[in-house]
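File shown: structure-v2.txt (compact mmCIF, C-alpha atoms).
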```txt
# COMPACT_ATOMS: atom_id res chain seq x y z
CA MET Q 40 3.44 15.25 -12.57
CA PHE Q 41 5.77 17.79 -10.98
CA GLU Q 42 7.17 16.48 -7.71
CA ASN Q 43 7.97 18.92 -4.96
CA LYS Q 44 11.21 17.98 -3.24
CA ILE Q 45 12.88 19.49 -0.22
CA LYS Q 46 16.59 18.77 0.16
CA PHE Q 47 18.50 18.59 3.45
CA ILE Q 48 22.19 18.81 2.56
CA ALA Q 49 24.80 17.86 5.17
CA THR Q 50 27.54 20.46 5.56
CA ASP Q 51 30.12 17.77 6.32
CA GLY Q 52 30.27 14.64 4.16
CA ASN Q 53 32.05 12.71 6.91
CA MET Q 54 29.11 13.30 9.27
CA LYS Q 55 26.11 12.68 7.02
CA ASP Q 56 25.69 9.14 8.36
CA ILE Q 57 26.57 10.08 11.94
CA TRP Q 58 24.28 13.06 12.45
CA PRO Q 59 20.66 11.89 12.78
CA ASN Q 60 19.14 12.84 9.43
CA PRO Q 61 16.04 15.02 9.07
CA LYS Q 62 12.97 12.88 8.47
CA PRO Q 63 9.23 13.33 7.87
CA ALA Q 64 7.54 14.51 11.05
CA SER Q 65 5.45 11.33 10.97
CA ARG Q 66 8.60 9.44 12.01
CA PHE Q 67 8.70 11.37 15.31
CA ILE Q 68 5.20 10.79 16.69
CA PRO Q 69 5.51 10.76 20.52
CA ASP Q 70 5.10 7.46 22.33
CA GLU Q 71 2.42 8.92 24.62
CA TYR Q 72 0.28 9.65 21.58
CA LYS Q 73 0.83 6.18 20.11
CA LYS Q 74 -0.20 4.56 23.40
CA LEU Q 75 -3.29 6.72 23.88
CA LYS Q 76 -6.66 5.05 23.29
CA ARG Q 77 -9.23 6.76 21.07
CA PHE Q 78 -11.80 6.62 23.86
CA LYS Q 79 -11.32 6.70 27.62
CA ASP Q 80 -12.20 3.30 29.08
CA ASP Q 81 -13.54 2.38 25.60
CA ASN Q 82 -16.54 4.62 26.27
CA LEU Q 83 -17.73 6.30 23.06
CA HIS Q 84 -18.97 9.25 25.14
CA ASP Q 85 -15.37 10.06 26.16
CA PRO Q 86 -13.18 10.62 23.09
CA THR Q 87 -9.53 11.52 23.56
CA VAL Q 88 -7.31 13.70 21.40
CA LYS Q 89 -6.51 10.51 19.43
CA THR Q 90 -9.82 11.02 17.62
CA CYS Q 91 -8.85 14.56 16.51
CA VAL Q 92 -7.48 14.51 12.97
CA PRO Q 93 -6.35 18.19 13.02
CA PHE Q 94 -4.18 17.33 16.05
CA LEU Q 95 -2.62 14.41 14.17
CA ASP Q 96 -2.11 16.53 11.04
CA SER Q 97 -0.05 19.00 13.05
CA LEU Q 98 2.12 16.15 14.36
CA ILE Q 99 2.95 14.83 10.89
CA LEU Q 100 3.13 18.13 8.98
CA GLY Q 101 6.45 18.67 7.21
CA TYR Q 102 9.78 17.45 8.53
CA ILE Q 103 11.78 17.29 11.76
CA ILE Q 104 15.43 18.19 12.16
CA PRO Q 105 16.71 16.30 15.23
CA PHE Q 106 19.53 17.28 17.56
CA ASP Q 107 22.82 16.28 15.94
CA GLN Q 108 24.48 15.37 19.27
CA ASP Q 109 23.94 15.59 23.03
CA TYR Q 110 23.96 19.07 24.57
CA LEU Q 111 24.39 19.55 28.33
CA VAL Q 112 22.46 22.49 29.78
CA ASP Q 113 23.59 23.97 33.12
CA PRO Q 114 21.57 26.63 34.95
CA ILE Q 115 23.67 29.56 36.22
CA GLU Q 116 21.65 31.93 38.43
CA ASN Q 117 19.45 33.84 35.92
CA ASP Q 118 21.46 32.50 33.02
CA PHE Q 119 22.45 29.15 31.50
CA SER Q 120 25.25 27.48 29.59
CA VAL Q 121 25.11 24.84 26.84
CA THR Q 122 28.00 22.41 26.29
CA PRO Q 123 27.99 20.18 23.16
CA ALA Q 124 29.17 16.58 23.53
CA ASN Q 125 31.73 17.43 20.86
CA LYS Q 126 33.66 20.09 22.76
CA ASN Q 127 34.92 21.51 19.44
CA ALA Q 128 31.35 22.31 18.35
CA SER Q 129 29.95 25.75 18.99
CA SER Q 130 26.93 26.87 20.98
CA GLU Q 131 25.71 30.43 20.40
CA PHE Q 132 23.34 32.90 21.99
CA HIS Q 133 21.48 36.15 21.34
CA ASP Q 134 21.72 38.93 23.90
CA LYS Q 135 18.41 39.94 25.48
CA GLU Q 136 18.83 43.48 24.10
CA GLN Q 137 17.92 42.11 20.66
CA LEU Q 138 14.42 41.35 21.94
CA PRO Q 139 11.43 43.55 22.82
CA LYS Q 140 11.54 44.51 26.49
CA GLU Q 141 8.36 42.55 27.19
CA TRP Q 142 10.09 39.36 26.04
CA GLN Q 143 13.13 39.84 28.24
CA LYS Q 144 11.20 38.70 31.30
CA ILE Q 145 10.93 35.30 29.65
CA SER Q 146 14.35 35.15 28.04
CA GLY Q 147 16.54 36.13 30.99
CA LYS Q 148 19.96 37.48 30.02
CA LYS Q 149 20.13 35.66 26.71
CA VAL Q 150 18.34 33.56 24.15
CA GLY Q 151 19.82 30.25 23.02
CA LYS Q 152 20.51 29.38 19.40
CA PHE Q 153 20.46 25.82 18.09
CA MET Q 154 23.18 25.45 15.47
CA ASN Q 155 21.80 23.63 12.43
CA LYS Q 156 24.08 21.36 10.39
CA TRP Q 157 21.89 21.06 7.28
CA LEU Q 158 21.45 23.32 4.25
CA ILE Q 159 17.80 23.37 3.19
CA LYS Q 160 16.78 23.72 -0.45
CA THR Q 161 13.23 23.98 -1.82
CA PRO Q 162 11.92 24.38 -5.40
CA PRO Q 163 11.45 27.87 -6.86
CA GLY Q 164 8.59 29.75 -5.21
CA TYR Q 165 8.68 27.73 -1.98
CA SER Q 166 9.70 28.88 1.50
CA CYS Q 167 9.92 27.10 4.87
CA LEU Q 168 8.28 27.86 8.19
CA PHE Q 169 10.39 26.79 11.18
CA VAL Q 170 8.47 26.15 14.41
CA GLN Q 171 8.53 24.31 17.71
CA PRO Q 172 7.76 20.63 17.04
CA MET Q 173 3.99 20.80 17.38
CA ASN Q 174 1.85 19.02 19.96
CA ARG Q 175 4.78 17.34 21.66
CA MET Q 176 4.42 19.12 25.03
CA GLU Q 177 8.07 20.19 25.13
CA GLU Q 178 8.81 21.56 28.62
CA ARG Q 179 12.45 22.53 28.09
CA PHE Q 180 12.51 25.08 25.28
CA ASP Q 181 10.42 27.13 22.84
CA ILE Q 182 11.67 27.73 19.30
CA ILE Q 183 11.18 31.31 18.11
CA PRO Q 184 9.40 30.75 14.77
CA GLY Q 185 10.73 32.11 11.51
CA VAL Q 186 10.19 31.93 7.74
CA VAL Q 187 13.05 31.67 5.24
CA ASP Q 188 12.91 31.70 1.44
CA THR Q 189 14.80 28.46 1.08
CA ASP Q 190 14.62 28.43 -2.71
CA THR Q 191 17.11 31.32 -2.95
CA TYR Q 192 18.85 31.42 0.46
CA LEU Q 193 21.16 28.40 0.39
CA ASN Q 194 22.89 28.97 3.71
CA LEU Q 195 22.73 27.54 7.23
CA ILE Q 196 19.60 28.55 9.13
CA ASN Q 197 19.95 28.46 12.91
CA PHE Q 198 17.10 28.42 15.39
CA PRO Q 199 16.83 30.80 18.37
CA TYR Q 200 14.92 29.51 21.37
CA PHE Q 201 13.75 30.46 24.84
CA LEU Q 202 15.02 28.12 27.55
CA LYS Q 203 12.08 27.17 29.79
CA LYS Q 204 13.68 24.59 32.08
CA ARG Q 205 16.09 26.45 34.36
CA ASP Q 206 15.86 24.62 37.67
CA GLU Q 207 18.31 21.76 37.08
CA GLN Q 208 20.96 20.33 34.79
CA PHE Q 209 19.65 18.30 31.84
CA LEU Q 210 20.45 17.05 28.32
CA PHE Q 211 19.12 17.73 24.87
CA LYS Q 212 19.61 14.21 23.52
CA ARG Q 213 20.97 13.32 20.10
CA GLY Q 214 18.09 12.35 17.81
CA GLU Q 215 15.35 14.15 19.76
CA PRO Q 216 13.13 16.54 17.74
CA MET Q 217 14.68 20.01 17.55
CA VAL Q 218 12.62 21.96 15.00
CA GLN Q 219 9.71 21.29 12.66
CA VAL Q 220 10.16 22.41 9.04
CA ILE Q 221 7.02 23.15 7.01
CA PRO Q 222 7.54 23.98 3.33
CA PHE Q 223 4.88 26.12 1.66
CA LYS Q 224 4.27 27.86 -1.64
CA ARG Q 225 4.51 31.64 -1.68
CA GLU Q 226 1.41 33.12 -3.26
CA PRO Q 227 -0.61 36.31 -2.72
CA TRP Q 228 -3.77 36.32 -0.63
CA LYS Q 229 -6.55 38.82 -0.06
CA MET Q 230 -8.99 38.68 2.85
CA TRP Q 231 -12.64 39.55 3.32
CA SER Q 232 -14.74 39.58 6.47
CA GLY Q 233 -18.45 40.23 6.87
CA PHE Q 234 -21.77 38.42 6.82
CA TYR Q 235 -23.75 36.52 4.26
CA TYR Q 236 -25.75 33.33 4.47
CA GLU Q 237 -23.42 30.48 3.56
CA LYS Q 238 -25.50 27.53 2.35
CA ALA Q 239 -22.50 25.20 2.54
CA HIS Q 240 -22.33 25.77 6.30
CA SER Q 241 -25.85 24.42 6.82
CA LYS Q 242 -25.09 21.41 4.64
CA ILE Q 243 -21.95 20.63 6.64
CA LEU Q 244 -23.84 20.93 9.94
CA ASN Q 245 -26.43 18.46 8.68
CA ILE Q 246 -23.68 15.97 7.80
CA LEU Q 247 -21.96 16.42 11.16
CA ASN Q 248 -25.19 15.98 13.11
CA ASN Q 249 -25.95 12.56 11.66
CA GLU Q 250 -22.86 10.54 12.56
CA TRP Q 251 -21.15 9.90 15.88
CA MET Q 252 -17.41 9.75 15.12
CA ASP Q 253 -14.71 10.42 12.51
CA ARG Q 254 -17.02 12.79 10.61
CA TYR Q 255 -14.35 15.31 9.69
CA LYS Q 256 -11.99 12.59 8.54
CA LYS Q 257 -14.66 10.81 6.51
CA TYR Q 258 -16.16 13.80 4.68
CA PHE Q 259 -13.76 16.75 4.72
CA TRP Q 260 -10.17 15.73 5.44
CA SER Q 261 -7.49 15.50 2.74
CA LYS Q 262 -4.39 13.38 3.32
CA LYS Q 263 -1.10 15.28 3.51
CA SER Q 264 2.03 13.63 2.18
CA PHE Q 265 5.58 14.26 3.35
CA LYS Q 266 8.14 11.62 2.45
```
With the file now loaded, output its structure as structure tokens.
Amino acid sequence: MFENKIKFIATDGNMKDIWPNPKPASRFIPDEYKKLKRFKDDNLHDPTVKTCVPFLDSLILGYIIPFDQDYLVDPIENDFSVTPANKNASSEFHDKEQLPKEWQKISGKKVGKFMNKWLIKTPPGYSCLFVQPMNRMEERFDIIPGVVDTDTYLNLINFPYFLKKRDEQFLFKRGEPMVQVIPFKREPWKMWSGFYYEKAHSKILNILNNEWMDRYKKYFWSKKSFK
């Protein structure tokens, strides 16, 4: 069977064991989620998000590239600066004029850019979606999502972001989740919208209405595998 493989290639052989390596997103599940009970006070009438399989699927989808080192963020009036722990490393920005005017109210004078240290290679016909690490309630920054055809573009891909936390000095810590990488196959799609009676819908409702919990997981969910 053909095995899809995504490759994360360090750009410096001397650093491949020093930079925290990209890993499956399942290795970065937040502690607050792990500690959460499935039901509040063990009452089956009060399920928490721990019972929601779509929520969990988003947490473990694809891969996470972590921060390669500590970065110190200093607020400066309506602006900010970012200083890498390795003072020889670079930290870059986009000017606000590159953005739509409506976005500039959020961005301030500039948009940050996380400098990625890994080349990303996927099999022919596969691209990658780069997004904010999902369902992790990140209060400091928002990644600006993008899609890159990583089967042909073997070059460093950096990640622009909006800085949200501007009221005090803080650190992006080495090893923390930076960006979520979701490989997908490029293939054409065509849409339709309208009305017809869908028998399968009624069947699904009948299944859902006869069990109390884990119905989606038991009857409809398919396991996703990222290793």
Next item on the list: Determine the nearest neighbour of Asp113 of chain Q from the options Q:Phe201, Q:Ile221, Q:Leu193, Q:Gln208, counting all atoms listed in the file.
Entry: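 Of Q:Phe201, Q:Ile221, Q:Leu193, Q:Gln208, the one nearest Asp113 of chain Q is Q:Gln208, counting all atoms listed in the file.
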Margin query: For segment 66-78 of chain Q, find every residue with an atom within 7 Å (counting all atoms listed in the file), except residues of its own chain fewer than 5 positions away, and show them as number ranges by chain.
Written below: Q: 83, 85-87, 89-90, 98, 175
Checklist line | Closest of Q:Glu177, Q:Glu116, Q:Asp188, Q:Glu250 to Lys148 of chain Q - atom-to-atom distances counting only C-alpha atoms | finding: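 Ranking Q:Glu177, Q:Glu116, Q:Asp188, Q:Glu250 by distance to Lys148 of chain Q, first place goes to Q:Glu116.
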Note to self: Which residues are close to Ile243 of chain Q, i.e. within 12 Å by only C-alpha atoms, leaving aside same-chain residues fewer than 4 positions away? Reply as number ranges by chain.
What the structure shows: Q: 237-239, 247-250, 254-255, 258-259
Margin query: Report, in Å to a single decimal, how far apart atom CA of Ser97 of chain Q and atom CA of Leu111 of chain Q are.
Written below: 28.8 Å
Notebook entry, point to check: Got a sec: who's within 10 Å of Ala128 of chain Q, counting only C-alpha atoms, leaving out chain neighbours fewer than 3 positions off, as a ChimeraX atom specification?
Noted result: /Q:108,122-125,154
Notebook entry, point to check: Which residue, Q:Lys242, Q:Lys160, Q:Lys212, Q:Lys266, has the smallest gap to Tyr192 of chain Q when you use only C-alpha atoms?
Noted result: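 Using only C-alpha atoms, Tyr192 of chain Q sits closest to Q:Lys160.
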Tell me, as a compact mmCIF listing (two decimals) with C-alpha atoms, in the coordinates of the input, which residues lie within 9 Å of Phe47 of chain Q, counting only C-alpha atoms; anything in the same chain fewer than 4 positions away does not count.
```
# COMPACT_ATOMS: atom_id res chain seq x y z
CA ASN Q 60 19.14 12.84 9.43
CA PRO Q 61 16.04 15.02 9.07
CA TRP Q 157 21.89 21.06 7.28
CA LEU Q 158 21.45 23.32 4.25
CA ILE Q 159 17.80 23.37 3.19
CA LYS Q 160 16.78 23.72 -0.45
```
Checklist line | Interatomic distance (Å, one decimal) between atom CA of Leu138 of chain Q and atom CA of Asp118 of chain Q | finding: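 About the pair atom CA of Leu138 of chain Q and atom CA of Asp118 of chain Q: they are 15.8 Å apart.
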Which residues come within 6 Å of Tyr102 of chain Q, counting all atoms listed in the file, excluding same-chain residues fewer than 4 positions away, as a PDB file with C-alpha atoms, in the coordinates of the input?
```pdb
ATOM      1  CA  LYS Q  62      12.970  12.880   8.470  1.00  0.00           C
ATOM      2  CA  PRO Q  63       9.230  13.330   7.870  1.00  0.00           C
ATOM      3  CA  ALA Q  64       7.540  14.510  11.050  1.00  0.00           C
ATOM      4  CA  GLN Q 219       9.710  21.290  12.660  1.00  0.00           C
ATOM      5  CA  VAL Q 220      10.160  22.410   9.040  1.00  0.00           C
TER       6      VAL Q 220
END
```
Check: Between Q:Pro184, Q:Pro162, Q:Pro216, Q:Pro172, which has the minimum distance to Ile104 of chain Q (counting all atoms listed in the file)?
Finding: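 The shortest atom-to-atom distance to Ile104 of chain Q comes from Q:Pro216.
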Taking all heavy atoms as the atom set, what does segment 79-90 of chain Q look like once completed, written as an mmCIF file, in the frame of the given file?
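Below is the file that was written, selection.cif:
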```
data_model
loop_
_atom_site.group_PDB
_atom_site.id
_atom_site.type_symbol
_atom_site.label_atom_id
_atom_site.label_comp_id
_atom_site.auth_asym_id
_atom_site.auth_seq_id
_atom_site.Cartn_x
_atom_site.Cartn_y
_atom_site.Cartn_z
ATOM 1 N N LYS Q 79 -11.641 7.025 26.241
ATOM 2 C CA LYS Q 79 -11.320 6.700 27.620
ATOM 3 C C LYS Q 79 -12.181 5.539 28.082
ATOM 4 O O LYS Q 79 -13.419 5.573 27.955
ATOM 5 C CB LYS Q 79 -11.576 7.929 28.508
ATOM 6 C CG LYS Q 79 -11.245 7.706 29.970
ATOM 7 C CD LYS Q 79 -11.542 8.954 30.788
ATOM 8 C CE LYS Q 79 -11.271 8.706 32.261
ATOM 9 N NZ LYS Q 79 -11.626 9.901 33.081
ATOM 10 N N ASP Q 80 -11.515 4.510 28.594
ATOM 11 C CA ASP Q 80 -12.200 3.300 29.080
ATOM 12 C C ASP Q 80 -13.109 2.704 28.013
ATOM 13 O O ASP Q 80 -14.141 2.086 28.333
ATOM 14 C CB ASP Q 80 -13.004 3.611 30.346
ATOM 15 C CG ASP Q 80 -12.130 4.102 31.485
ATOM 16 O OD1 ASP Q 80 -10.989 3.596 31.601
ATOM 17 O OD2 ASP Q 80 -12.574 4.990 32.234
ATOM 18 N N ASP Q 81 -12.762 2.909 26.733
ATOM 19 C CA ASP Q 81 -13.540 2.380 25.600
ATOM 20 C C ASP Q 81 -14.986 2.876 25.601
ATOM 21 O O ASP Q 81 -15.883 2.237 25.023
ATOM 22 C CB ASP Q 81 -13.518 0.847 25.595
ATOM 23 C CG ASP Q 81 -12.115 0.298 25.380
ATOM 24 O OD1 ASP Q 81 -11.367 0.901 24.586
ATOM 25 O OD2 ASP Q 81 -11.763 -0.713 26.014
ATOM 26 N N ASN Q 82 -15.198 4.031 26.219
ATOM 27 C CA ASN Q 82 -16.540 4.620 26.270
ATOM 28 C C ASN Q 82 -16.671 5.646 25.145
ATOM 29 O O ASN Q 82 -15.948 6.643 25.108
ATOM 30 C CB ASN Q 82 -16.752 5.297 27.625
ATOM 31 C CG ASN Q 82 -18.160 5.849 27.804
ATOM 32 O OD1 ASN Q 82 -18.893 6.069 26.842
ATOM 33 N ND2 ASN Q 82 -18.536 6.068 29.049
ATOM 34 N N LEU Q 83 -17.588 5.417 24.229
ATOM 35 C CA LEU Q 83 -17.730 6.300 23.060
ATOM 36 C C LEU Q 83 -18.196 7.707 23.427
ATOM 37 O O LEU Q 83 -18.159 8.605 22.587
ATOM 38 C CB LEU Q 83 -18.707 5.674 22.056
ATOM 39 C CG LEU Q 83 -18.292 4.331 21.449
ATOM 40 C CD1 LEU Q 83 -19.270 3.894 20.377
ATOM 41 C CD2 LEU Q 83 -16.878 4.399 20.881
ATOM 42 N N HIS Q 84 -18.626 7.900 24.677
ATOM 43 C CA HIS Q 84 -18.970 9.250 25.140
ATOM 44 C C HIS Q 84 -17.735 10.069 25.515
ATOM 45 O O HIS Q 84 -17.830 11.277 25.704
ATOM 46 C CB HIS Q 84 -19.905 9.181 26.351
ATOM 47 C CG HIS Q 84 -21.293 8.770 26.027
ATOM 48 N ND1 HIS Q 84 -22.188 9.584 25.357
ATOM 49 C CD2 HIS Q 84 -21.957 7.603 26.287
ATOM 50 C CE1 HIS Q 84 -23.344 8.963 25.228
ATOM 51 N NE2 HIS Q 84 -23.232 7.753 25.773
ATOM 52 N N ASP Q 85 -16.576 9.393 25.660
ATOM 53 C CA ASP Q 85 -15.370 10.060 26.160
ATOM 54 C C ASP Q 85 -14.214 9.947 25.164
ATOM 55 O O ASP Q 85 -13.250 9.193 25.394
ATOM 56 C CB ASP Q 85 -14.957 9.464 27.510
ATOM 57 C CG ASP Q 85 -15.951 9.780 28.609
ATOM 58 O OD1 ASP Q 85 -16.459 10.917 28.615
ATOM 59 O OD2 ASP Q 85 -16.216 8.904 29.453
ATOM 60 N N PRO Q 86 -14.289 10.677 24.059
ATOM 61 C CA PRO Q 86 -13.180 10.620 23.090
ATOM 62 C C PRO Q 86 -11.946 11.336 23.628
ATOM 63 O O PRO Q 86 -12.046 12.280 24.422
ATOM 64 C CB PRO Q 86 -13.744 11.349 21.873
ATOM 65 C CG PRO Q 86 -14.756 12.295 22.437
ATOM 66 C CD PRO Q 86 -15.366 11.572 23.620
ATOM 67 N N THR Q 87 -10.787 10.852 23.219
ATOM 68 C CA THR Q 87 -9.530 11.520 23.560
ATOM 69 C C THR Q 87 -9.027 12.290 22.343
ATOM 70 O O THR Q 87 -9.628 12.256 21.267
ATOM 71 C CB THR Q 87 -8.462 10.489 23.977
ATOM 72 O OG1 THR Q 87 -8.059 9.741 22.814
ATOM 73 C CG2 THR Q 87 -8.988 9.547 25.045
ATOM 74 N N VAL Q 88 -7.895 12.942 22.496
ATOM 75 C CA VAL Q 88 -7.310 13.700 21.400
ATOM 76 C C VAL Q 88 -6.893 12.781 20.246
ATOM 77 O O VAL Q 88 -6.687 13.242 19.119
ATOM 78 C CB VAL Q 88 -6.112 14.533 21.917
ATOM 79 C CG1 VAL Q 88 -4.910 13.650 22.199
ATOM 80 C CG2 VAL Q 88 -5.738 15.633 20.934
ATOM 81 N N LYS Q 89 -6.847 11.482 20.487
ATOM 82 C CA LYS Q 89 -6.510 10.510 19.430
ATOM 83 C C LYS Q 89 -7.569 10.487 18.332
ATOM 84 O O LYS Q 89 -7.306 10.029 17.221
ATOM 85 C CB LYS Q 89 -6.377 9.116 20.067
ATOM 86 C CG LYS Q 89 -5.678 8.060 19.199
ATOM 87 C CD LYS Q 89 -4.180 8.271 19.149
ATOM 88 C CE LYS Q 89 -3.437 7.110 18.501
ATOM 89 N NZ LYS Q 89 -3.225 5.982 19.411
ATOM 90 N N THR Q 90 -8.761 10.979 18.625
ATOM 91 C CA THR Q 90 -9.820 11.020 17.620
ATOM 92 C C THR Q 90 -9.780 12.318 16.800
ATOM 93 O O THR Q 90 -10.571 12.477 15.872
ATOM 94 C CB THR Q 90 -11.215 10.904 18.261
ATOM 95 O OG1 THR Q 90 -11.458 12.059 19.080
ATOM 96 C CG2 THR Q 90 -11.320 9.630 19.098
#
```
